[in-house]
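Asker: Got protein_16.pdb for you, PDB, C-alpha atoms (C1' of nucleotides) and all ligand atoms:
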ATOM      1  CA  MET A   1       0.000   0.000   0.000
ATOM      2  CA  GLN A   2       1.318   3.392  -0.949
ATOM      3  CA  THR A   3       0.384   6.477   0.977
ATOM      4  CA  GLN A   4       1.014   9.947  -0.317
ATOM      5  CA  LEU A   5       2.613  12.238   2.228
ATOM      6  CA  SER A   6       2.494  16.046   2.054
ATOM      7  CA  CYS A   7       2.349  15.906  -1.734
ATOM      8  CA  ILE A   8       6.025  15.000  -1.912
ATOM      9  CA  ILE A   9       7.134  11.688  -0.493
ATOM     10  CA  PHE A  10       5.740   8.268  -1.248
ATOM     11  CA  VAL A  11       6.133   5.644   1.432
ATOM     12  CA  CYS A  12       5.302   2.001   1.416
ATOM     13  CA  MET A  13       4.287   0.945   4.890
ATOM     14  CA  ARG A  14       2.781  -2.315   5.926
ATOM     15  CA  ASN A  15      -0.430  -2.864   7.713
ATOM     16  CA  THR A  16       0.668  -4.937  10.656
ATOM     17  CA  VAL A  17      -1.176  -6.214  13.711
ATOM     18  CA  ALA A  18       0.744  -3.863  15.999
ATOM     19  CA  LYS A  19       0.024  -0.868  13.791
ATOM     20  CA  GLN A  20      -3.697  -1.638  13.663
ATOM     21  CA  ALA A  21      -3.952  -2.156  17.417
ATOM     22  CA  ILE A  22      -2.052   1.029  18.280
ATOM     23  CA  LEU A  23      -3.971   3.111  15.766
ATOM     24  CA  GLU A  24      -7.262   1.807  17.145
ATOM     25  CA  ILE A  25      -6.228   2.737  20.690
ATOM     26  CA  LEU A  26      -5.417   6.274  19.561
ATOM     27  CA  TYR A  27      -8.647   6.641  17.620
ATOM     28  CA  LYS A  28     -10.747   5.463  20.544
ATOM     29  CA  SER A  29      -8.947   7.678  23.043
ATOM     30  CA  GLU A  30     -10.391  11.040  24.009
ATOM     31  CA  THR A  31      -6.950  12.218  25.046
ATOM     32  CA  ALA A  32      -3.460  12.122  23.618
ATOM     33  CA  LEU A  33      -1.346   9.182  24.772
ATOM     34  CA  SER A  34       2.347   8.662  25.358
ATOM     35  CA  GLN A  35       4.297   5.569  24.336
ATOM     36  CA  THR A  36       4.102   4.383  27.943
ATOM     37  CA  GLU A  37       0.339   4.863  28.065
ATOM     38  CA  VAL A  38      -0.162   2.989  24.783
ATOM     39  CA  GLN A  39       1.920   0.152  26.209
ATOM     40  CA  GLN A  40      -0.229   0.041  29.353
ATOM     41  CA  ILE A  41      -3.420  -0.151  27.308
ATOM     42  CA  LEU A  42      -2.165  -2.923  25.009
ATOM     43  CA  PRO A  43      -2.545  -6.454  26.418
ATOM     44  CA  GLN A  44       0.494  -7.532  28.457
ATOM     45  CA  GLY A  45       3.182  -8.835  26.107
ATOM     46  CA  PHE A  46       1.251  -7.898  22.973
ATOM     47  CA  CYS A  47       4.401  -6.595  21.375
ATOM     48  CA  ASN A  48       7.840  -5.362  22.272
ATOM     49  CA  ARG A  49       8.092  -1.820  23.660
ATOM     50  CA  VAL A  50      10.520  -0.903  20.868
ATOM     51  CA  THR A  51       7.821  -1.793  18.365
ATOM     52  CA  ILE A  52       5.486   0.747  19.919
ATOM     53  CA  TYR A  53       8.090   3.492  19.494
ATOM     54  CA  ARG A  54       8.595   2.477  15.887
ATOM     55  CA  VAL A  55       4.912   2.165  15.053
ATOM     56  CA  LEU A  56       4.192   5.594  16.521
ATOM     57  CA  ASP A  57       6.974   7.090  14.413
ATOM     58  CA  ARG A  58       5.516   5.445  11.329
ATOM     59  CA  LEU A  59       1.990   6.624  12.035
ATOM     60  CA  VAL A  60       3.258  10.189  12.328
ATOM     61  CA  LYS A  61       5.053   9.870   8.977
ATOM     62  CA  GLU A  62       1.843   8.532   7.450
ATOM     63  CA  ASN A  63      -0.027  11.569   8.787
ATOM     64  CA  LEU A  64      -2.429   9.346  10.683
ATOM     65  CA  ILE A  65      -1.514  10.768  14.071
ATOM     66  CA  HIS A  66       0.204  13.893  15.326
ATOM     67  CA  GLU A  67       2.794  14.519  17.983
ATOM     68  CA  ILE A  68       2.356  16.836  20.947
ATOM     69  CA  THR A  69       5.178  17.655  23.351
ATOM     70  CA  ASN A  70       3.724  18.136  26.805
ATOM     71  CA  ILE A  71       4.976  20.802  29.200
ATOM     72  CA  ASP A  72       6.768  18.072  31.160
ATOM     73  CA  GLY A  73       8.620  17.074  27.987
ATOM     74  CA  VAL A  74       6.747  13.809  27.438
ATOM     75  CA  VAL A  75       5.645  13.285  23.840
ATOM     76  CA  LYS A  76       1.991  12.365  23.405
ATOM     77  CA  TYR A  77       0.201  11.203  20.293
ATOM     78  CA  ALA A  78      -3.302  11.972  19.076
ATOM     79  CA  ASN A  79      -5.300  10.928  16.050
ATOM     80  CA  CYS A  80      -5.788  13.314  13.158
ATOM     81  CA  LYS A  81      -9.573  12.931  12.695
ATOM     82  CA  LYS A  82     -10.444  16.525  11.917
ATOM     83  CA  CYS A  83      -7.053  17.824  10.908
ATOM     84  CA  ASN A  84      -6.686  20.003   7.867
ATOM     85  CA  LYS A  85      -4.911  18.517   4.880
ATOM     86  CA  ASN A  86      -1.589  20.285   5.287
ATOM     87  CA  HIS A  87      -1.343  18.618   8.706
ATOM     88  CA  SER A  88      -0.541  21.870  10.455
ATOM     89  CA  HIS A  89      -1.532  21.672  14.082
ATOM     90  CA  GLN A  90      -2.079  25.187  15.177
ATOM     91  CA  HIS A  91      -4.655  24.208  17.717
ATOM     92  CA  LEU A  92      -4.119  24.447  21.435
ATOM     93  CA  HIS A  93      -3.419  21.498  23.693
ATOM     94  CA  PHE A  94      -4.408  21.394  27.325
ATOM     95  CA  SER A  95      -2.568  19.364  29.915
ATOM     96  CA  CYS A  96      -4.332  18.732  33.222
ATOM     97  CA  GLU A  97      -2.019  18.765  36.215
ATOM     98  CA  ASN A  98      -4.553  16.731  38.161
ATOM     99  CA  CYS A  99      -5.674  13.887  35.902
ATOM    100  CA  ASN A 100      -2.529  14.120  33.787
ATOM    101  CA  THR A 101      -4.392  14.062  30.483
ATOM    102  CA  VAL A 102      -3.514  15.981  27.344
ATOM    103  CA  THR A 103      -6.446  17.034  25.182
ATOM    104  CA  CYS A 104      -6.560  18.592  21.726
ATOM    105  CA  ILE A 105      -8.593  21.796  21.848
ATOM    106  CA  LYS A 106      -9.253  21.848  18.127
ATOM    107  CA  SER A 107     -11.546  24.849  18.359
ATOM    108  CA  VAL A 108      -8.838  27.130  19.716
ATOM    109  CA  GLU A 109      -6.092  28.304  17.367
ATOM    110  CA  PRO A 110      -3.960  31.020  18.979
ATOM    111  CA  GLN A 111      -3.239  34.026  16.759
ATOM    112  CA  PHE A 112       0.242  35.484  16.555
ATOM    113  CA  ASP A 113       2.393  37.567  14.228
ATOM    114  CA  LEU A 114       5.933  36.362  13.966
ATOM    115  CA  PRO A 115       8.250  38.457  11.754
ATOM    116  CA  LYS A 116       8.433  36.814   8.345
ATOM    117  CA  GLU A 117      12.186  36.255   8.701
ATOM    118  CA  TYR A 118      11.239  33.280  10.838
ATOM    119  CA  GLU A 119      10.394  30.203   8.779
ATOM    120  CA  ILE A 120       7.802  28.211  10.716
ATOM    121  CA  LYS A 121       7.829  24.430  10.429
ATOM    122  CA  LYS A 122       6.202  23.127  13.589
ATOM    123  CA  ILE A 123       3.890  24.599  16.188
ATOM    124  CA  ASN A 124       3.423  23.282  19.718
ATOM    125  CA  PHE A 125       1.000  25.275  21.850
ATOM    126  CA  MET A 126       0.557  23.860  25.330
ATOM    127  CA  VAL A 127      -1.395  25.205  28.264
ATOM    128  CA  SER A 128      -1.459  23.337  31.544
ATOM    129  CA  GLY A 129      -3.666  23.692  34.569
ATOM    130  CA  ILE A 130      -6.892  22.097  35.744
ATOM    131  CA  CYS A 131      -9.325  20.659  33.226
ATOM    132  CA  PRO A 132     -13.110  21.201  33.419
ATOM    133  CA  SER A 133     -13.913  17.732  34.739
ATOM    134  CA  CYS A 134     -11.269  17.980  37.463
ATOM    135  CA  SER A 135     -12.294  21.474  38.574
ATOM    136  CA  ARG A 136     -15.973  20.731  39.179
TER     137      ARG A 136
ATOM    138  CA  MET B 137      18.320  35.792  52.718
ATOM    139  CA  GLN B 138      14.590  35.468  52.353
ATOM    140  CA  THR B 139      12.922  35.874  48.996
ATOM    141  CA  GLN B 140       9.213  36.360  48.621
ATOM    142  CA  LEU B 141       7.689  34.154  45.963
ATOM    143  CA  SER B 142       4.340  34.850  44.286
ATOM    144  CA  CYS B 143       3.103  36.656  47.393
ATOM    145  CA  ILE B 144       2.663  33.367  49.217
ATOM    146  CA  ILE B 145       5.708  31.290  49.975
ATOM    147  CA  PHE B 146       8.866  32.375  51.742
ATOM    148  CA  VAL B 147      12.030  30.518  50.935
ATOM    149  CA  CYS B 148      15.495  30.780  52.315
ATOM    150  CA  MET B 149      18.012  30.062  49.611
ATOM    151  CA  ARG B 150      21.710  30.516  49.775
ATOM    152  CA  ASN B 151      23.913  32.479  47.490
ATOM    153  CA  THR B 152      26.455  29.881  46.482
ATOM    154  CA  VAL B 153      29.293  29.921  43.984
ATOM    155  CA  ALA B 154      27.466  27.478  41.714
ATOM    156  CA  LYS B 155      24.263  29.522  41.793
ATOM    157  CA  GLN B 156      26.088  32.736  40.943
ATOM    158  CA  ALA B 157      28.013  31.149  38.081
ATOM    159  CA  ILE B 158      24.942  29.500  36.554
ATOM    160  CA  LEU B 159      22.821  32.615  36.891
ATOM    161  CA  GLU B 160      25.528  34.686  35.236
ATOM    162  CA  ILE B 161      25.685  32.272  32.312
ATOM    163  CA  LEU B 162      21.932  32.540  31.816
ATOM    164  CA  TYR B 163      21.946  36.322  32.060
ATOM    165  CA  LYS B 164      24.728  36.649  29.525
ATOM    166  CA  SER B 165      23.143  34.190  27.097
ATOM    167  CA  GLU B 166      21.047  35.444  24.201
ATOM    168  CA  THR B 167      19.282  32.080  24.030
ATOM    169  CA  ALA B 168      17.701  29.678  26.475
ATOM    170  CA  LEU B 169      20.013  26.926  27.702
ATOM    171  CA  SER B 170      19.486  23.338  28.794
ATOM    172  CA  GLN B 171      21.168  21.711  31.788
ATOM    173  CA  THR B 172      23.604  20.049  29.384
ATOM    174  CA  GLU B 173      24.440  23.342  27.704
ATOM    175  CA  VAL B 174      25.022  25.073  31.050
ATOM    176  CA  GLN B 175      27.345  22.222  31.992
ATOM    177  CA  GLN B 176      29.303  22.632  28.763
ATOM    178  CA  ILE B 177      29.747  26.358  29.371
ATOM    179  CA  LEU B 178      30.895  25.966  32.972
ATOM    180  CA  PRO B 179      34.616  25.198  33.400
ATOM    181  CA  GLN B 180      35.348  21.458  33.349
ATOM    182  CA  GLY B 181      34.733  20.005  36.813
ATOM    183  CA  PHE B 182      33.373  23.269  38.200
ATOM    184  CA  CYS B 183      30.604  21.416  39.987
ATOM    185  CA  ASN B 184      28.756  18.143  39.875
ATOM    186  CA  ARG B 185      26.109  17.740  37.183
ATOM    187  CA  VAL B 186      23.485  17.017  39.835
ATOM    188  CA  THR B 187      24.216  20.415  41.331
ATOM    189  CA  ILE B 188      23.337  22.085  38.042
ATOM    190  CA  TYR B 189      19.946  20.353  38.002
ATOM    191  CA  ARG B 190      19.334  21.445  41.573
ATOM    192  CA  VAL B 191      20.499  25.023  41.079
ATOM    193  CA  LEU B 192      18.278  25.426  38.004
ATOM    194  CA  ASP B 193      15.293  24.162  39.987
ATOM    195  CA  ARG B 194      16.069  26.638  42.731
ATOM    196  CA  LEU B 195      16.446  29.575  40.348
ATOM    197  CA  VAL B 196      13.033  28.780  38.874
ATOM    198  CA  LYS B 197      11.492  28.713  42.359
ATOM    199  CA  GLU B 198      13.129  32.068  43.096
ATOM    200  CA  ASN B 199      11.588  33.475  39.902
ATOM    201  CA  LEU B 200      15.009  34.425  38.583
ATOM    202  CA  ILE B 201      14.729  32.230  35.492
ATOM    203  CA  HIS B 202      11.914  30.553  33.604
ATOM    204  CA  GLU B 203      11.501  27.130  32.101
ATOM    205  CA  ILE B 204      10.730  26.432  28.449
ATOM    206  CA  THR B 205       9.989  22.951  27.159
ATOM    207  CA  ASN B 206      11.311  22.651  23.646
ATOM    208  CA  ILE B 207       9.445  20.758  20.916
ATOM    209  CA  ASP B 208      11.971  17.951  21.261
ATOM    210  CA  GLY B 209      11.096  17.673  24.961
ATOM    211  CA  VAL B 210      14.330  19.166  26.266
ATOM    212  CA  VAL B 211      13.827  21.747  29.005
ATOM    213  CA  LYS B 212      15.642  25.025  28.482
ATOM    214  CA  TYR B 213      16.095  27.903  30.885
ATOM    215  CA  ALA B 214      16.102  31.629  30.259
ATOM    216  CA  ASN B 215      16.541  34.655  32.457
ATOM    217  CA  CYS B 216      13.562  36.741  33.489
ATOM    218  CA  LYS B 217      14.933  40.231  32.750
ATOM    219  CA  LYS B 218      11.797  41.810  31.357
ATOM    220  CA  CYS B 219       9.199  39.453  32.755
ATOM    221  CA  ASN B 220       6.059  40.825  34.326
ATOM    222  CA  LYS B 221       5.670  40.430  38.064
ATOM    223  CA  ASN B 222       3.228  37.533  38.051
ATOM    224  CA  HIS B 223       5.841  35.556  36.147
ATOM    225  CA  SER B 224       3.405  34.518  33.451
ATOM    226  CA  HIS B 225       5.248  33.700  30.293
ATOM    227  CA  GLN B 226       2.761  34.124  27.544
ATOM    228  CA  HIS B 227       5.400  35.042  25.036
ATOM    229  CA  LEU B 228       6.369  32.861  22.132
ATOM    230  CA  HIS B 229       9.539  30.815  21.964
ATOM    231  CA  PHE B 230      11.279  29.957  18.749
ATOM    232  CA  SER B 231      13.412  26.882  18.290
ATOM    233  CA  CYS B 232      15.756  26.778  15.302
ATOM    234  CA  GLU B 233      16.080  23.348  13.727
ATOM    235  CA  ASN B 234      19.386  24.411  12.215
ATOM    236  CA  CYS B 235      21.398  26.085  14.972
ATOM    237  CA  ASN B 236      19.377  24.363  17.701
ATOM    238  CA  THR B 237      18.839  27.539  19.705
ATOM    239  CA  VAL B 238      15.729  28.472  21.632
ATOM    240  CA  THR B 239      14.964  32.176  21.806
ATOM    241  CA  CYS B 240      12.369  34.090  23.796
ATOM    242  CA  ILE B 241      10.290  36.234  21.445
ATOM    243  CA  LYS B 242       9.087  38.559  24.169
ATOM    244  CA  SER B 243       7.314  40.841  21.738
ATOM    245  CA  VAL B 244       4.943  38.126  20.540
ATOM    246  CA  GLU B 245       2.155  36.981  22.851
ATOM    247  CA  PRO B 246      -0.308  34.708  21.047
ATOM    248  CA  GLN B 247      -3.972  35.506  21.649
ATOM    249  CA  PHE B 248      -6.447  32.755  22.427
ATOM    250  CA  ASP B 249      -9.809  32.237  24.103
ATOM    251  CA  LEU B 250      -9.981  29.131  26.180
ATOM    252  CA  PRO B 251     -13.374  28.425  27.816
ATOM    253  CA  LYS B 252     -13.237  29.665  31.390
ATOM    254  CA  GLU B 253     -13.851  26.152  32.742
ATOM    255  CA  TYR B 254     -10.164  25.599  32.086
ATOM    256  CA  GLU B 255      -7.964  26.914  34.874
ATOM    257  CA  ILE B 256      -4.677  28.013  33.307
ATOM    258  CA  LYS B 257      -1.492  27.652  35.320
ATOM    259  CA  LYS B 258       1.328  27.388  32.794
ATOM    260  CA  ILE B 259       1.727  28.357  29.172
ATOM    261  CA  ASN B 260       4.328  26.934  26.788
ATOM    262  CA  PHE B 261       4.142  28.289  23.257
ATOM    263  CA  MET B 262       6.790  26.875  20.973
ATOM    264  CA  VAL B 263       7.327  27.367  17.283
ATOM    265  CA  SER B 264      10.192  25.640  15.509
ATOM    266  CA  GLY B 265      11.711  26.201  12.111
ATOM    267  CA  ILE B 266      14.583  28.257  10.749
ATOM    268  CA  CYS B 267      15.687  31.385  12.581
ATOM    269  CA  PRO B 268      16.513  34.672  10.788
ATOM    270  CA  SER B 269      20.282  34.310  11.094
ATOM    271  CA  CYS B 270      20.213  30.760   9.727
ATOM    272  CA  SER B 271      17.923  31.576   6.804
ATOM    273  CA  ARG B 272      19.970  34.407   5.343
TER     274      ARG B 272
ATOM    275  C1'  DT C 273       4.342 -20.224  -4.424
ATOM    276  C1'  DT C 274       8.412 -17.784  -4.190
ATOM    277  C1'  DA C 275      11.021 -13.505  -3.823
ATOM    278  C1'  DT C 276      11.543  -9.128  -1.837
ATOM    279  C1'  DT C 277      11.389  -5.795   1.580
ATOM    280  C1'  DT C 278       9.480  -4.135   5.810
ATOM    281  C1'  DT C 279       8.644  -5.025  10.530
ATOM    282  C1'  DT C 280       9.577  -7.144  14.854
ATOM    283  C1'  DG C 281      12.027  -8.994  19.062
ATOM    284  C1'  DC C 282      15.860  -9.039  21.564
ATOM    285  C1'  DA C 283      19.846  -7.539  23.754
ATOM    286  C1'  DA C 284      22.825  -4.069  24.495
ATOM    287  C1'  DC C 285      23.555   0.661  24.858
ATOM    288  C1'  DA C 286      23.045   5.690  25.797
ATOM    289  C1'  DA C 287      21.177   9.785  27.544
ATOM    290  C1'  DA C 288      18.722  12.200  30.985
ATOM    291  C1'  DG C 289      17.137  12.797  35.264
ATOM    292  C1'  DT C 290      16.426  11.332  40.406
ATOM    293  C1'  DT C 291      17.470   9.869  45.221
ATOM    294  C1'  DG C 292      19.813   8.983  49.702
ATOM    295  C1'  DC C 293      23.304  10.126  52.456
ATOM    296  C1'  DA C 294      27.592  11.812  54.277
ATOM    297  C1'  DT C 295      30.311  16.036  53.897
ATOM    298  C1'  DT C 296      30.859  20.886  53.117
ATOM    299  C1'  DA C 297      29.618  25.606  52.967
ATOM    300  C1'  DA C 298      26.593  29.567  53.917
ATOM    301  C1'  DT C 299      24.128  32.026  57.089
ATOM    302  C1'  DA C 300      22.101  32.937  61.711
ATOM    303  C1'  DT C 301      22.893  33.194  66.530
ATOM    304  C1'  DT C 302      25.444  33.992  70.501
TER     305       DT C 302
ATOM    306  C1'  DA D 303      34.727  36.072  66.234
ATOM    307  C1'  DA D 304      33.269  31.584  67.431
ATOM    308  C1'  DT D 305      29.716  28.376  67.230
ATOM    309  C1'  DA D 306      25.279  26.394  65.852
ATOM    310  C1'  DT D 307      22.067  25.550  62.392
ATOM    311  C1'  DT D 308      20.513  24.280  58.100
ATOM    312  C1'  DA D 309      20.956  24.491  53.106
ATOM    313  C1'  DA D 310      23.840  22.978  49.299
ATOM    314  C1'  DT D 311      26.996  19.799  47.268
ATOM    315  C1'  DG D 312      29.424  15.509  45.663
ATOM    316  C1'  DC D 313      29.135  11.005  44.881
ATOM    317  C1'  DA D 314      27.360   6.636  43.799
ATOM    318  C1'  DA D 315      23.633   4.097  42.632
ATOM    319  C1'  DC D 316      19.476   3.829  40.367
ATOM    320  C1'  DT D 317      15.459   4.664  37.187
ATOM    321  C1'  DT D 318      13.292   6.013  33.213
ATOM    322  C1'  DT D 319      13.155   6.823  28.479
ATOM    323  C1'  DG D 320      14.566   6.257  24.131
ATOM    324  C1'  DT D 321      17.984   4.241  20.433
ATOM    325  C1'  DT D 322      20.642   0.861  17.546
ATOM    326  C1'  DG D 323      22.222  -3.386  15.129
ATOM    327  C1'  DC D 324      21.037  -7.563  13.652
ATOM    328  C1'  DA D 325      18.787 -11.961  12.924
ATOM    329  C1'  DA D 326      14.110 -13.855  12.509
ATOM    330  C1'  DA D 327       9.421 -13.238  11.186
ATOM    331  C1'  DA D 328       5.711 -11.238   8.685
ATOM    332  C1'  DA D 329       3.610  -8.660   4.917
ATOM    333  C1'  DT D 330       3.346  -7.683   0.281
ATOM    334  C1'  DA D 331       4.878  -8.003  -4.619
ATOM    335  C1'  DA D 332       5.975 -10.850  -8.369
TER     336       DA D 332
HETATM  337 MN    MN A 401      -3.876  18.061  18.684
HETATM  338 MN    MN A 402      10.851  33.096  27.455
HETATM  339 ZN    ZN A 403      -8.096  16.791  34.656
HETATM  340 ZN    ZN A 404      19.192  29.145  13.693
END
Rewrite the structure from the file as structure tokens, please.
Ligand SMILES: [Mn+2]
Ligand SMILES: [Mn+2]
Ligand SMILES: [Zn+2]
Ligand SMILES: [Zn+2]
Answerer:
Amino acid sequence: MQTQLSCIIFVCMRNTVAKQAILEILYKSETALSQTEVQQILPQGFCNRVTIYRVLDRLVKENLIHEITNIDGVVKYANCKKCNKNHSHQHLHFSCENCNTVTCIKSVEPQFDLPKEYEIKKINFMVSGICPSCSR
Amino acid sequence: MQTQLSCIIFVCMRNTVAKQAILEILYKSETALSQTEVQQILPQGFCNRVTIYRVLDRLVKENLIHEITNIDGVVKYANCKKCNKNHSHQHLHFSCENCNTVTCIKSVEPQFDLPKEYEIKKINFMVSGICPSCSR
DNA sequence: TTATTTTTGCAACAAAGTTGCATTAATATT
DNA sequence: AATATTAATGCAACTTTGTTGCAAAAATAA
């Protein structure tokens, strides 16, 4: 199977059991998950932990998921359900200090004017605090 | 010496050689620095690497420096020269993929409207790409 | 069915950060 | 200035997280 990536690169990635299982976990999850969290959700011994790292990398390359770096430095992954085609993730992410979840706030895209001498490639907007369900 | 922090906590932190040296490095630096980078700037064997971690933590608590989590997950530290009193760092940070520097863009504060059910405690706005000096 | 190429498991490694504890250094007290 | 108090440091050991090389296994192409 060939998947077209950002109108430039063609990759040929295989549809493996591990890939399907990990992608399903991310699509069912309301929140973004780290490698560790994916591992904890998968059945014990389902696959090697290295495989999870590699599958997540592949899914990002295939534009099926996107990467979010949390304020604590941990990388989390979220599905790309309603992402625009150019895969730019300008939307805000909220990290709850209480329940430790990271959520895509797709409705909020911060506005900013960076001098055009800066060439923007990636955006990572994180806000942490207490989420609605933890604060009530 | 007692320093008042965010109008609430009083701490008693000592003015040590390591603290002075590390703070001076951060105040002289145009860019934010990681623990590793601070270590590389300090003279060989100046102090233990654990001490650098602990001094950086202390300087953050004293509101003398602020923490920035880079897109690659590495935590960088920058001085607080022109920071407002409540120590909120709404300004943008730019990470150059080429020269690997992280710079505070204090003039740019992204605007966003997060529903008030979210209680905001920390903000970490990162944009990565190519910085002006690398692109010319 | 066979050939080709990607993916996986495993072990070993590396980097980054943390912890406990004895020693040292800074500051407060006398 | 001497002493007492407590914070800071060095060191070693440990943990956590992520990476790499390579042989075996699995997926896809032929
Ligand atoms: Mn997102
Ligand atoms: Mn800054
Ligand atoms: Zn929460
Ligand atoms: Zn640069």
Asker: Produce as a PyMOL selection string the set of residues near ligand ZN 404 (chain A), where near means within 8 Å with all atoms listed in the file considered.
Answerer: chain B and resi 231-237+266-271
Asker: Within 9 Å of chain A, which residues of chain D are there when counting only C-alpha atoms (C1' of nucleotides)? Please give them as number ranges by chain.
Answerer: D: 320, 328-330
Asker: Taking all atoms listed in the file into account, report as an MDAnalysis selection string which residues of chain C lie within 9 Å of chain A.
Answerer: chainID C and resid 278:282
Asker: Given the PyMOL selection byres ((chain A and not hetatm) within 6 of (chain B)) and the file above, list the residues it selects as a PyMOL selection string.
Answerer: chain A and resi 69+71+73+110-112+117-132
Asker: Starting from 4 Å padding per side, set up an axis-aligned box that covers all listed atoms of range 310-317 of chain D and hand over centre and edge lengths in Å, one decimal, as JSON.
Answerer:
{"center_x": 22.4, "center_y": 13.4, "center_z": 43.2, "size_x": 22.0, "size_y": 27.1, "size_z": 20.1}
Asker: So which one's closest to ligand MN 401 (chain A), A:Ile25, A:Leu64, A:Leu59, A:Ala32? Using only C-alpha atoms and all ligand atoms, please.
Answerer: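 Nearest to ligand MN 401 (chain A): A:Ala32.
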Asker: In Å, rounded to a single decimal, give me how far CA of Asn79 in chain A is from CA of Pro43 in chain A.
Answerer: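 A separation of 20.4 Å between them.
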Asker: I need the residue set behind the PyMOL selection byres (((chain C and resi 301) around 9) and not hetatm) for this file; please write it as a list in words.
Answerer: DA300 and DT302 of chain C; DT305, DA306 and DT307 of chain D
Asker: For the residues in that selection, give me C-alpha atoms (C1' of nucleotides) as a compact mmCIF listing (two decimals), in the frame of the given file.
Answerer:
# COMPACT_ATOMS: atom_id res chain seq x y z
C1' DA C 300 22.10 32.94 61.71
C1' DT C 302 25.44 33.99 70.50
C1' DT D 305 29.72 28.38 67.23
C1' DA D 306 25.28 26.39 65.85
C1' DT D 307 22.07 25.55 62.39
Asker: Going by the chain IDs and residue numbers used in this file, which residues fall under the PyMOL selection byres (((chain D and resi 316-318) around 9) and not hetatm)? Write them as a list of chain:residue names.
Answerer: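 Expected selection for the PyMOL selection byres (((chain D and resi 316-318) around 9) and not hetatm) here is C:DA288, C:DG289, C:DT290, C:DT291, D:DA315, D:DT319.
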Asker: Considering all atoms listed in the file, return as a PyMOL selection string whatever protein or nucleic-acid residues lie within 10 Å of DC285 in chain C, sequence-local ones (same chain, fewer than 2 positions apart) excluded.
Answerer: (chain C and resi 283+287) or (chain D and resi 321-322)
Asker: Just give me the residues with any atom within 12 Å of (7.9, -14.3, -9.0), file coordinates, counting only C-alpha atoms (C1' of nucleotides), written as a list of chain:residue names.
Answerer: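 In the file's frame, the residues around the point are C:DT273, C:DT274, C:DA275, C:DT276, D:DA331, D:DA332.
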Asker: Now that the selection is made, can you save its residues with C-alpha atoms (C1' of nucleotides) as an mmCIF file, in the frame of the given file?
Answerer:
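File part04.cif, as written:
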data_model
loop_
_atom_site.group_PDB
_atom_site.id
_atom_site.type_symbol
_atom_site.label_atom_id
_atom_site.label_comp_id
_atom_site.auth_asym_id
_atom_site.auth_seq_id
_atom_site.Cartn_x
_atom_site.Cartn_y
_atom_site.Cartn_z
ATOM 1 C "C1'" DT C 273 4.342 -20.224 -4.424
ATOM 2 C "C1'" DT C 274 8.412 -17.784 -4.190
ATOM 3 C "C1'" DA C 275 11.021 -13.505 -3.823
ATOM 4 C "C1'" DT C 276 11.543 -9.128 -1.837
ATOM 5 C "C1'" DA D 331 4.878 -8.003 -4.619
ATOM 6 C "C1'" DA D 332 5.975 -10.850 -8.369
#
Asker: To one decimal place, how far is CA of Gly181 in chain B from C1' of DA309 in chain D in Å?
Answerer: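 Atom-to-atom, CA of Gly181 in chain B to C1' of DA309 in chain D, that is 21.8 Å.
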Asker: What is the distance, in Å and to one decimal place, between CA of Tyr163 in chain B and CA of Glu198 in chain B?
Answerer: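 Computed distance, CA of Tyr163 in chain B to CA of Glu198 in chain B, equals 14.8 Å.
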Asker: With distances taken over all atoms listed in the file, which of B:Glu166, B:Gln175, B:Ile188, B:Asp193 is nearest to ligand MN 402 (chain A)?
Answerer: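 Counting all atoms listed in the file, the residue closest to ligand MN 402 (chain A) is B:Glu166.
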